[in-house]
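Asker: Provided herewith: my_file-v5.csv, CSV, C-alpha atoms.
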```csv
chain,number,residue,atom,x,y,z
A,1,ILE,CA,2.0,8.9,-7.1
A,2,ALA,CA,3.2,12.4,-7.9
A,3,VAL,CA,5.5,14.9,-6.1
A,4,ALA,CA,6.5,18.6,-6.3
A,5,VAL,CA,9.2,20.6,-4.5
A,6,VAL,CA,9.3,24.4,-3.9
A,7,ALA,CA,12.7,25.9,-2.9
A,8,ASN,CA,13.4,29.5,-2.3
A,9,GLY,CA,9.8,30.3,-3.2
A,10,LYS,CA,10.0,28.7,-6.7
A,11,LEU,CA,8.9,25.4,-8.2
A,12,VAL,CA,12.1,23.4,-8.7
A,13,TYR,CA,10.9,19.9,-9.2
A,14,SER,CA,7.7,18.2,-10.3
A,15,LYS,CA,7.4,14.5,-11.4
A,16,ALA,CA,4.7,11.9,-11.7
A,17,PHE,CA,5.4,8.1,-11.2
A,18,GLY,CA,3.6,4.9,-12.0
A,19,SER,CA,0.4,5.4,-14.1
A,20,ALA,CA,0.2,9.2,-13.2
A,21,GLY,CA,1.1,11.9,-15.7
A,22,ALA,CA,1.9,15.6,-15.4
A,23,HIS,CA,-1.8,16.6,-15.2
A,24,THR,CA,-3.2,13.6,-13.3
A,25,VAL,CA,-5.4,14.9,-10.5
A,26,PHE,CA,-5.8,13.4,-7.1
A,27,VAL,CA,-8.4,13.9,-4.4
A,28,ILE,CA,-6.4,15.8,-1.8
A,29,ASP,CA,-8.7,14.8,1.1
A,30,SER,CA,-8.0,16.8,4.3
A,31,ILE,CA,-5.4,19.0,2.7
A,32,THR,CA,-8.6,20.7,1.6
A,33,LYS,CA,-9.0,22.0,5.1
A,34,THR,CA,-6.0,24.4,4.5
A,35,PHE,CA,-7.9,25.9,1.6
A,36,THR,CA,-11.1,26.3,3.7
A,37,ALA,CA,-9.1,27.9,6.4
A,38,VAL,CA,-7.4,30.3,3.9
A,39,SER,CA,-10.9,31.3,2.7
A,40,VAL,CA,-11.9,32.1,6.3
A,41,ILE,CA,-8.7,34.0,7.0
A,42,GLN,CA,-9.2,36.1,3.8
A,43,LEU,CA,-12.6,37.2,5.0
A,44,ALA,CA,-11.2,38.0,8.4
A,45,ALA,CA,-8.4,40.1,6.8
A,46,ALA,CA,-11.1,41.9,4.8
A,47,ARG,CA,-12.9,42.5,8.1
A,48,LYS,CA,-16.0,40.7,6.8
A,49,LEU,CA,-15.9,38.4,9.8
A,50,SER,CA,-13.8,38.1,13.0
A,51,LEU,CA,-12.1,34.9,14.2
A,52,GLU,CA,-13.6,35.7,17.6
A,53,ASP,CA,-17.2,35.7,16.1
A,54,HIS,CA,-19.3,33.1,17.8
A,55,LEU,CA,-21.0,30.3,15.9
A,56,ALA,CA,-24.3,31.6,17.1
A,57,LYS,CA,-24.0,34.4,14.6
A,58,TYR,CA,-24.5,31.9,11.8
A,59,PHE,CA,-26.0,28.8,13.5
A,60,PRO,CA,-27.8,30.0,16.7
A,61,GLU,CA,-29.5,26.6,17.1
A,62,PHE,CA,-26.3,24.6,17.2
A,63,PRO,CA,-25.3,23.2,20.7
A,64,ASN,CA,-22.8,25.6,22.5
A,65,ALA,CA,-23.0,28.0,19.6
A,66,GLY,CA,-22.8,31.0,21.9
A,67,ALA,CA,-19.5,29.7,23.4
A,68,ILE,CA,-17.8,28.5,20.2
A,69,THR,CA,-15.7,30.9,18.1
A,70,ILE,CA,-14.6,30.6,14.5
A,71,ARG,CA,-11.0,30.3,15.8
A,72,GLN,CA,-12.1,27.2,17.8
A,73,LEU,CA,-13.6,25.7,14.7
A,74,LEU,CA,-10.3,26.3,12.8
A,75,ASN,CA,-8.1,24.7,15.5
A,76,HIS,CA,-10.5,21.9,16.5
A,77,THR,CA,-11.0,23.1,20.1
A,78,SER,CA,-14.8,23.6,19.7
A,79,GLY,CA,-15.8,20.3,21.3
A,80,ILE,CA,-18.1,19.5,18.3
A,81,PRO,CA,-18.0,15.8,17.5
A,82,ASN,CA,-16.9,14.4,14.2
A,83,TYR,CA,-19.9,13.8,12.0
A,84,LEU,CA,-18.2,11.1,9.9
A,85,ASP,CA,-17.9,8.8,12.9
A,86,ASP,CA,-21.6,8.8,13.5
A,87,ALA,CA,-22.5,8.7,9.8
A,88,ALA,CA,-20.2,5.8,9.1
A,89,ALA,CA,-21.5,3.9,12.1
A,90,LYS,CA,-25.0,4.3,10.8
A,91,GLY,CA,-24.1,3.3,7.3
A,92,LEU,CA,-25.1,6.6,5.8
A,93,THR,CA,-21.9,7.6,3.9
A,94,ALA,CA,-22.7,5.5,0.8
A,95,HIS,CA,-25.6,7.9,0.1
A,96,ALA,CA,-25.6,11.5,-1.0
A,97,THR,CA,-26.0,14.2,1.6
A,98,SER,CA,-25.7,18.0,1.8
A,99,PRO,CA,-23.7,20.4,4.1
A,100,ARG,CA,-26.8,21.5,5.8
A,101,GLU,CA,-27.9,18.0,6.4
A,102,ILE,CA,-24.5,17.1,7.9
A,103,VAL,CA,-24.9,20.1,10.3
A,104,ARG,CA,-28.4,19.1,11.3
A,105,ASN,CA,-27.3,15.6,12.1
A,106,ALA,CA,-24.2,16.8,13.9
A,107,ALA,CA,-26.3,19.1,16.1
A,108,THR,CA,-28.0,16.0,17.6
A,109,LEU,CA,-24.8,14.6,18.9
A,110,ALA,CA,-23.5,15.3,22.4
A,111,PRO,CA,-20.5,17.6,22.5
A,112,ASP,CA,-17.1,15.9,23.1
A,113,PHE,CA,-16.1,18.6,25.7
A,114,GLN,CA,-16.8,22.3,26.5
A,115,PRO,CA,-15.4,24.7,24.0
A,116,GLY,CA,-11.8,25.7,24.5
A,117,THR,CA,-11.1,23.0,27.2
A,118,ASP,CA,-9.6,20.3,25.0
A,119,TRP,CA,-8.7,19.3,21.4
A,120,ASN,CA,-10.3,16.8,19.1
A,121,TYR,CA,-10.0,16.6,15.3
A,122,SER,CA,-13.5,17.0,13.9
A,123,ASN,CA,-14.5,17.3,10.3
A,124,THR,CA,-17.7,18.9,11.4
A,125,ASN,CA,-15.8,22.1,12.3
A,126,TYR,CA,-14.8,22.6,8.6
A,127,VAL,CA,-18.3,21.9,7.3
A,128,LEU,CA,-19.5,24.7,9.5
A,129,LEU,CA,-16.6,26.9,8.3
A,130,GLY,CA,-17.4,26.2,4.6
A,131,LEU,CA,-21.0,27.3,5.2
A,132,ILE,CA,-19.9,30.4,7.0
A,133,VAL,CA,-17.7,31.3,4.0
A,134,GLU,CA,-20.8,31.0,1.8
A,135,ALA,CA,-22.9,33.1,4.2
A,136,VAL,CA,-20.4,35.9,4.4
A,137,SER,CA,-19.3,35.9,0.8
A,138,GLY,CA,-22.6,35.3,-0.9
A,139,ARG,CA,-20.9,32.6,-3.1
A,140,SER,CA,-20.8,28.9,-3.0
A,141,LEU,CA,-17.6,27.7,-1.3
A,142,ALA,CA,-16.4,26.1,-4.6
A,143,ASP,CA,-16.9,29.4,-6.5
A,144,TYR,CA,-15.3,31.4,-3.7
A,145,GLU,CA,-12.2,29.2,-3.7
A,146,ARG,CA,-12.0,29.4,-7.5
A,147,VAL,CA,-12.1,33.2,-7.6
A,148,HIS,CA,-10.1,34.0,-4.5
A,149,ILE,CA,-7.6,31.1,-4.3
A,150,PHE,CA,-7.2,28.9,-7.4
A,151,GLU,CA,-7.1,31.7,-10.0
A,152,PRO,CA,-4.8,34.1,-8.0
A,153,ALA,CA,-2.4,31.3,-7.3
A,154,GLY,CA,-2.4,30.2,-10.9
A,155,MET,CA,-3.8,26.7,-10.2
A,156,LYS,CA,-4.8,25.3,-13.6
A,157,ASP,CA,-5.7,21.7,-12.8
A,158,THR,CA,-7.7,22.2,-9.5
A,159,SER,CA,-11.4,22.1,-8.9
A,160,VAL,CA,-13.9,21.2,-6.2
A,161,GLY,CA,-15.9,18.0,-6.5
A,162,LYS,CA,-16.0,16.9,-10.2
A,163,PRO,CA,-12.5,17.2,-11.6
A,164,ALA,CA,-11.8,19.9,-14.3
A,165,SER,CA,-9.3,17.5,-15.8
A,166,SER,CA,-10.2,14.3,-17.6
A,167,THR,CA,-7.1,12.6,-16.2
A,168,VAL,CA,-8.1,11.4,-12.7
A,169,ALA,CA,-6.1,8.9,-10.6
A,170,ALA,CA,-8.3,5.8,-10.1
A,171,PRO,CA,-9.3,5.5,-6.4
A,172,PRO,CA,-8.6,2.3,-4.6
A,173,PHE,CA,-11.0,0.3,-2.4
A,174,GLU,CA,-11.6,3.1,0.2
A,175,ALA,CA,-13.3,5.5,-2.2
A,176,ALA,CA,-16.3,3.2,-3.0
A,177,ALA,CA,-17.6,3.4,0.5
A,178,ALA,CA,-18.3,7.1,0.7
A,179,ASP,CA,-20.4,9.4,-1.5
A,180,PRO,CA,-18.2,12.5,-2.4
A,181,SER,CA,-20.9,14.9,-0.9
A,182,TRP,CA,-19.7,13.9,2.6
A,183,ALA,CA,-16.4,15.6,1.8
A,184,TYR,CA,-17.7,19.2,1.5
A,185,ALA,CA,-15.0,21.7,2.8
A,186,VAL,CA,-13.1,18.9,4.5
A,187,GLY,CA,-11.8,16.8,1.6
A,188,ASP,CA,-13.5,17.7,-1.7
A,189,ILE,CA,-10.7,19.4,-3.7
A,190,VAL,CA,-9.0,17.6,-6.5
A,191,SER,CA,-5.6,18.9,-7.6
A,192,THR,CA,-2.0,18.0,-8.6
A,193,PRO,CA,1.2,18.5,-6.6
A,194,THR,CA,2.3,21.2,-9.0
A,195,ASP,CA,-0.9,23.2,-8.4
A,196,ILE,CA,-0.6,22.8,-4.7
A,197,ALA,CA,3.0,24.0,-5.0
A,198,ARG,CA,1.6,27.1,-6.7
A,199,PHE,CA,-0.8,27.6,-3.8
A,200,ASP,CA,2.1,27.2,-1.3
A,201,ILE,CA,4.2,29.8,-3.2
A,202,ALA,CA,1.3,32.3,-3.2
A,203,LEU,CA,0.6,31.6,0.4
A,204,MET,CA,4.2,32.1,1.5
A,205,ALA,CA,4.5,35.2,-0.7
A,206,GLY,CA,1.5,36.9,1.0
A,207,LYS,CA,-0.6,36.8,-2.2
A,208,LEU,CA,-3.5,35.0,-0.6
A,209,VAL,CA,-3.5,36.3,3.0
A,210,PRO,CA,-1.4,39.1,4.5
A,211,PRO,CA,1.8,37.8,6.1
A,212,ALA,CA,0.6,38.6,9.6
A,213,TYR,CA,-2.4,36.4,9.1
A,214,PHE,CA,-0.3,33.6,7.7
A,215,GLU,CA,1.8,33.9,10.9
A,216,GLU,CA,-1.4,33.7,12.9
A,217,MET,CA,-2.4,30.5,11.1
A,218,GLN,CA,0.8,28.9,12.5
A,219,GLN,CA,0.0,29.8,16.2
A,220,THR,CA,-0.8,26.5,17.8
A,221,VAL,CA,-3.1,25.3,20.6
A,222,PRO,CA,-1.5,24.1,23.9
A,223,PHE,CA,-3.2,20.7,23.7
A,224,ASN,CA,-0.7,18.0,22.5
A,225,THR,CA,-2.6,14.8,21.7
A,226,LEU,CA,-1.2,14.2,18.2
A,227,GLY,CA,2.2,12.7,19.1
A,228,PRO,CA,5.7,14.1,19.7
A,229,GLY,CA,6.2,17.6,18.3
A,230,VAL,CA,2.9,17.9,16.5
A,231,ARG,CA,0.6,21.0,17.2
A,232,ASP,CA,-2.5,22.3,15.6
A,233,GLY,CA,-2.9,25.8,14.2
A,234,LEU,CA,-5.6,27.3,12.0
A,235,GLY,CA,-6.0,24.9,9.1
A,236,VAL,CA,-2.4,23.7,9.4
A,237,PHE,CA,-0.4,21.5,11.7
A,238,VAL,CA,3.1,22.4,12.8
A,239,SER,CA,5.4,19.4,13.1
A,240,ASP,CA,8.9,19.6,14.6
A,241,LEU,CA,11.4,17.3,12.8
A,242,SER,CA,14.6,17.8,14.7
A,243,GLY,CA,14.5,21.6,14.6
A,244,VAL,CA,12.7,22.1,11.3
A,245,ASP,CA,9.1,23.3,11.7
A,246,LEU,CA,6.9,21.9,9.0
A,247,VAL,CA,3.7,23.7,8.4
A,248,GLY,CA,1.0,21.9,6.5
A,249,HIS,CA,-1.6,19.2,6.4
A,250,HIS,CA,-1.9,15.5,5.7
A,251,GLY,CA,-4.7,14.1,3.6
A,252,GLY,CA,-6.2,10.6,3.6
A,253,GLY,CA,-9.4,8.7,3.9
A,254,PHE,CA,-11.5,9.1,0.8
A,255,GLY,CA,-9.4,6.8,-1.3
A,256,PHE,CA,-6.2,8.8,-1.6
A,257,THR,CA,-3.3,9.9,0.6
A,258,GLY,CA,-1.0,12.9,0.5
A,259,ASP,CA,1.0,15.5,2.4
A,260,ASN,CA,1.5,19.2,1.8
A,261,GLU,CA,4.3,20.5,4.1
A,262,LEU,CA,6.0,23.9,4.1
A,263,VAL,CA,9.0,25.4,5.7
A,264,PRO,CA,8.0,29.1,5.3
A,265,SER,CA,11.3,30.5,6.7
A,266,ARG,CA,13.1,28.8,3.8
A,267,GLY,CA,10.5,29.3,1.1
A,268,PHE,CA,10.4,25.5,0.9
A,269,ALA,CA,7.5,23.1,0.3
A,270,PHE,CA,7.1,19.5,-0.5
A,271,ILE,CA,3.9,17.9,-1.9
A,272,VAL,CA,3.2,14.2,-2.4
A,273,LEU,CA,-0.1,12.8,-3.6
A,274,GLY,CA,-1.0,9.2,-4.3
A,275,ASN,CA,-4.0,7.0,-4.9
A,276,GLY,CA,-3.2,4.3,-2.3
A,277,THR,CA,-3.1,3.6,1.4
A,278,TYR,CA,0.7,3.7,1.8
A,279,ALA,CA,2.4,6.2,4.1
A,280,THR,CA,3.6,9.4,2.5
A,281,ARG,CA,5.7,10.7,5.5
A,282,PRO,CA,8.8,8.6,4.7
A,283,ILE,CA,8.9,10.1,1.2
A,284,LEU,CA,8.6,13.5,2.7
A,285,THR,CA,11.3,12.8,5.2
A,286,ALA,CA,13.6,11.6,2.5
A,287,ALA,CA,13.1,14.8,0.5
A,288,LEU,CA,13.8,16.9,3.5
A,289,ARG,CA,17.1,15.1,4.1
A,290,LEU,CA,18.1,16.0,0.6
A,291,TYR,CA,17.2,19.7,0.8
A,292,PHE,CA,18.3,20.2,4.4
A,293,SER,CA,21.4,18.1,4.5
A,294,ALA,CA,22.9,20.0,7.4
A,295,VAL,CA,19.9,19.1,9.7
A,296,ALA,CA,19.8,15.6,11.3
A,297,LEU,CA,16.2,15.0,10.5
A,298,ALA,CA,14.4,12.3,12.5
A,299,THR,CA,11.1,10.5,12.1
A,300,ARG,CA,8.7,10.0,14.9
A,301,SER,CA,10.2,8.6,18.1
A,302,SER,CA,10.2,4.8,18.0
A,303,GLN,CA,8.8,5.0,21.6
A,304,TYR,CA,5.6,6.7,20.5
A,305,ASP,CA,2.5,4.6,20.1
A,306,GLY,CA,-0.8,6.3,19.4
A,307,ALA,CA,-2.8,3.1,19.9
A,308,PRO,CA,-1.0,0.7,22.3
A,309,ALA,CA,-3.9,-1.7,22.9
A,310,PHE,CA,-4.6,-2.0,19.2
A,311,THR,CA,-0.9,-2.5,18.5
A,312,GLN,CA,-0.9,-5.5,20.7
A,313,ARG,CA,-3.9,-6.9,18.9
A,314,VAL,CA,-2.2,-6.3,15.5
A,315,THR,CA,1.0,-7.9,16.8
A,316,THR,CA,-0.8,-11.1,17.9
A,317,PHE,CA,-2.8,-11.3,14.7
A,318,LEU,CA,0.2,-10.8,12.4
A,319,ARG,CA,2.4,-13.2,14.3
A,320,ARG,CA,-0.2,-16.0,13.9
A,321,LEU,CA,-0.8,-15.0,10.3
A,322,SER,CA,2.9,-15.2,9.4
A,323,VAL,CA,2.9,-18.9,10.2
A,324,GLY,CA,-0.4,-19.6,8.4
A,325,ASP,CA,-2.7,-19.4,11.4
A,326,VAL,CA,-5.7,-17.2,10.6
A,327,ASP,CA,-7.8,-15.9,13.4
A,328,HIS,CA,-11.1,-15.7,11.4
A,329,SER,CA,-13.0,-14.1,14.3
A,330,GLN,CA,-11.0,-10.9,13.8
A,331,LEU,CA,-12.1,-10.4,10.1
A,332,ASP,CA,-15.3,-9.2,8.6
A,333,VAL,CA,-17.0,-11.3,6.0
A,334,GLN,CA,-15.3,-9.7,2.9
A,335,ALA,CA,-11.8,-9.7,4.5
A,336,ASP,CA,-12.2,-13.3,5.6
A,337,ALA,CA,-13.4,-14.4,2.2
A,338,ALA,CA,-10.3,-12.7,0.6
A,339,MET,CA,-7.8,-14.2,3.1
A,340,PRO,CA,-5.6,-16.9,1.4
A,341,ALA,CA,-5.5,-20.4,2.9
A,342,GLY,CA,-3.0,-21.1,5.7
A,343,SER,CA,-0.6,-23.0,3.4
A,344,VAL,CA,-0.5,-20.2,0.9
A,345,LEU,CA,0.2,-17.6,3.7
A,346,ARG,CA,3.1,-19.7,5.0
A,347,THR,CA,4.6,-19.7,1.6
A,348,GLN,CA,4.1,-16.0,1.1
A,349,PHE,CA,5.6,-15.0,4.4
A,350,GLN,CA,8.7,-17.3,4.0
A,351,GLN,CA,10.3,-14.7,1.7
A,352,PHE,CA,10.3,-12.1,4.5
A,353,GLY,CA,11.8,-14.3,7.2
A,354,ALA,CA,10.6,-14.5,10.8
A,355,PHE,CA,8.2,-11.9,12.1
A,356,GLU,CA,9.8,-9.6,14.6
A,357,SER,CA,7.6,-6.6,15.5
A,358,VAL,CA,5.3,-3.7,14.4
A,359,GLN,CA,5.9,0.0,15.0
A,360,PHE,CA,3.0,2.4,15.1
A,361,PHE,CA,2.9,5.0,12.4
A,362,LEU,CA,-0.5,6.6,11.9
A,363,LYS,CA,-4.1,6.5,13.1
A,364,ALA,CA,-6.8,8.3,11.2
A,365,TYR,CA,-10.6,8.3,10.6
A,366,ILE,CA,-11.7,7.2,7.2
A,367,SER,CA,-15.1,7.0,5.6
A,368,HIS,CA,-16.0,3.6,6.9
A,369,GLY,CA,-14.0,3.0,10.0
A,370,MET,CA,-10.6,3.6,11.5
A,371,LEU,CA,-7.3,3.4,9.6
A,372,TYR,CA,-4.1,2.3,11.3
A,373,ARG,CA,-0.6,2.1,9.7
A,374,TYR,CA,2.4,0.3,11.0
A,375,GLN,CA,5.9,-0.6,9.9
A,376,ALA,CA,6.0,-4.4,10.1
A,377,ARG,CA,9.5,-5.7,10.7
A,378,PHE,CA,10.5,-9.2,9.5
A,379,GLU,CA,13.9,-10.8,9.6
A,380,LYS,CA,14.6,-10.0,5.9
A,381,ARG,CA,12.4,-7.1,5.2
A,382,THR,CA,10.3,-4.2,6.6
A,383,LEU,CA,6.9,-3.7,5.1
A,384,LEU,CA,4.0,-1.2,5.5
A,385,LEU,CA,1.0,-2.7,7.3
A,386,THR,CA,-2.4,-1.1,6.6
A,387,CYS,CA,-5.3,-2.0,8.9
A,388,VAL,CA,-8.9,-0.8,8.7
A,389,VAL,CA,-11.3,-1.6,11.5
A,390,ASN,CA,-15.1,-1.3,10.8
A,391,LYS,CA,-17.8,-0.1,13.1
A,392,ASP,CA,-18.1,-3.7,14.5
A,393,GLY,CA,-14.4,-3.8,15.5
A,394,LYS,CA,-13.5,-6.3,12.7
A,395,PHE,CA,-10.6,-6.0,10.3
A,396,SER,CA,-12.1,-5.0,6.9
A,397,VAL,CA,-8.5,-4.5,5.6
A,398,PHE,CA,-5.3,-6.1,6.8
A,399,GLY,CA,-2.6,-5.8,4.2
A,400,LEU,CA,1.1,-5.6,3.7
A,401,SER,CA,2.9,-3.7,1.0
```
What does this structure look like when you write it as structure tokens?
Answerer:
Amino acid sequence: IAVAVVANGKLVYSKAFGSAGAHTVFVIDSITKTFTAVSVIQLAAARKLSLEDHLAKYFPEFPNAGAITIRQLLNHTSGIPNYLDDAAAKGLTAHATSPREIVRNAATLAPDFQPGTDWNYSNTNYVLLGLIVEAVSGRSLADYERVHIFEPAGMKDTSVGKPASSTVAAPPFEAAAADPSWAYAVGDIVSTPTDIARFDIALMAGKLVPPAYFEEMQQTVPFNTLGPGVRDGLGVFVSDLSGVDLVGHHGGGFGFTGDNELVPSRGFAFIVLGNGTYATRPILTAALRLYFSAVALATRSSQYDGAPAFTQRVTTFLRRLSVGDVDHSQLDVQADAAMPAGSVLRTQFQQFGAFESVQFFLKAYISHGMLYRYQARFEKRTLLLTCVVNKDGKFSVFGLS
């Protein structure tokens, strides 16, 4: 894991932990979307495209193309379904693909809703945006970002796809299930917290997009399906933590996890990247408490549960597991084979004390299913519970850390 902090528009802290070093690079997953969005916004500021242009200008054959705008692609109100759901369900993600092939396959899927009438997080939106950047600029997306974002921001250890650095954090189990080509424009950038800090500094200083356009990126949609105080803008989410508006993006799902969060009014940013499935938000919140000591920061409401039916399933499974009773019907073949015997489980769980409850923390699509994270409370200790459910509804991962 590695972190960086920007305060008053300057890098004030950067440190790597565990096996990471100062130049260890991480796949930043969906934090990549902010870079794709900045590319689009730059072209809009240069009047080479308009955010109100319709998708039909670039992909006339795509369903609802005449009604979908670039702005709706940016803020996930296009109604276009998420290509990764379909690809993972069909077992396609282990094999190489191309952006054009992703778009062709996505065009065969029924829209989730009519453009502008609802909100749904869809990676397909950003594949389309990446291809639009290429069409308008005449460059590959990777080359455009290198020339117009990485170099102006002074990002020295950042690249698209194959890392420029030889020091790459080893991905855990999630990465093996997806070929990197599926991450085009939605999660294919590799970087360090220090480099992302340089990006944040340049973005807040108006060096990448004019200040008015950065303000526009923070204008959010009225649909609130992300939990208390979380709204979607153009390539960024705006999250309210007790009066402090964080502007940024989480990343997770291709074997890594991270957060890039800014408080533009204070010239503040906090970046944390890691190569595991643990939750990064508690680390972010702890850093905010240090830098904004006058603000009584709160985490998500304990009353909020983004997956109540699944939470009940997890509670029942974990309660039985904690006393050595394994419900084998809930596990896929690999997870079942890896599960210790009941007597071993009882011994392992004794150190935590009696199981009490779980609290929902996160729900996200990953390359081969749905990821859920909970705080699991026991009598003596609170742990992070990570669950992954495959396309058949079985637990492929059920782990405490």
Asker: Separation of CA of Glu101 (chain A) and CA of Trp182 (chain A), in Å?
Answerer: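 We find that CA of Glu101 (chain A) and CA of Trp182 (chain A) lie 9.9 Å from each other.
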Asker: Just the number, please: distance in Å from CA of Thr194 (chain A) to CA of Glu151 (chain A), one decimal.
Answerer: 14.1 Å
Asker: How close does region 157-213 of chain A get to region 34-53 of chain A? List, as a tab-separated table, each residue of region 157-213 of chain A within 8 Å, its nearest atom pair and the distance in Å to one decimal, counting all atoms listed in the file.
Answerer:
```
residue	atom	partner	partner_atom	distance
A:Ala185	CA	A:Thr36	CA	6.1
A:Val186	CA	A:Thr36	CA	7.7
A:Leu208	CA	A:Gln42	CA	7.3
A:Val209	CA	A:Gln42	CA	5.8
A:Pro210	CA	A:Ala45	CA	7.4
A:Tyr213	CA	A:Ile41	CA	7.1
```
Asker: Excluding region 15-19 of chain A and any residue of its chain fewer than 3 positions from it, enumerate the residues within 8 Å of it, using all atoms listed in the file, and give them as a list of chain:residue names.
Answerer: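 Within the cut-off, the hits are A:Ile1, A:Ala2, A:Val3, A:Ala4, A:Ala22.
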Asker: To one decimal place in Å, what is the distance between CA of Gly233 (chain A) and CA of Gly130 (chain A)?
Answerer: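 So the answer is 17.4 Å.
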Asker: Which polymer residues have any atom within 7 Å of an atom of region 247-249 of chain A, counting all atoms listed in the file, with same-chain residues fewer than 5 positions away left out, as number ranges by chain?
Answerer: A: 31, 236-239, 259-263
Asker: Measuring between only C-alpha atoms, which one of A:Gly21, A:Pro81, A:Gly235, A:Gly276 shows the shortest distance to Ala170 (chain A)?
Answerer: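 When distances to Ala170 (chain A) are compared using only C-alpha atoms, the smallest one comes from A:Gly276.
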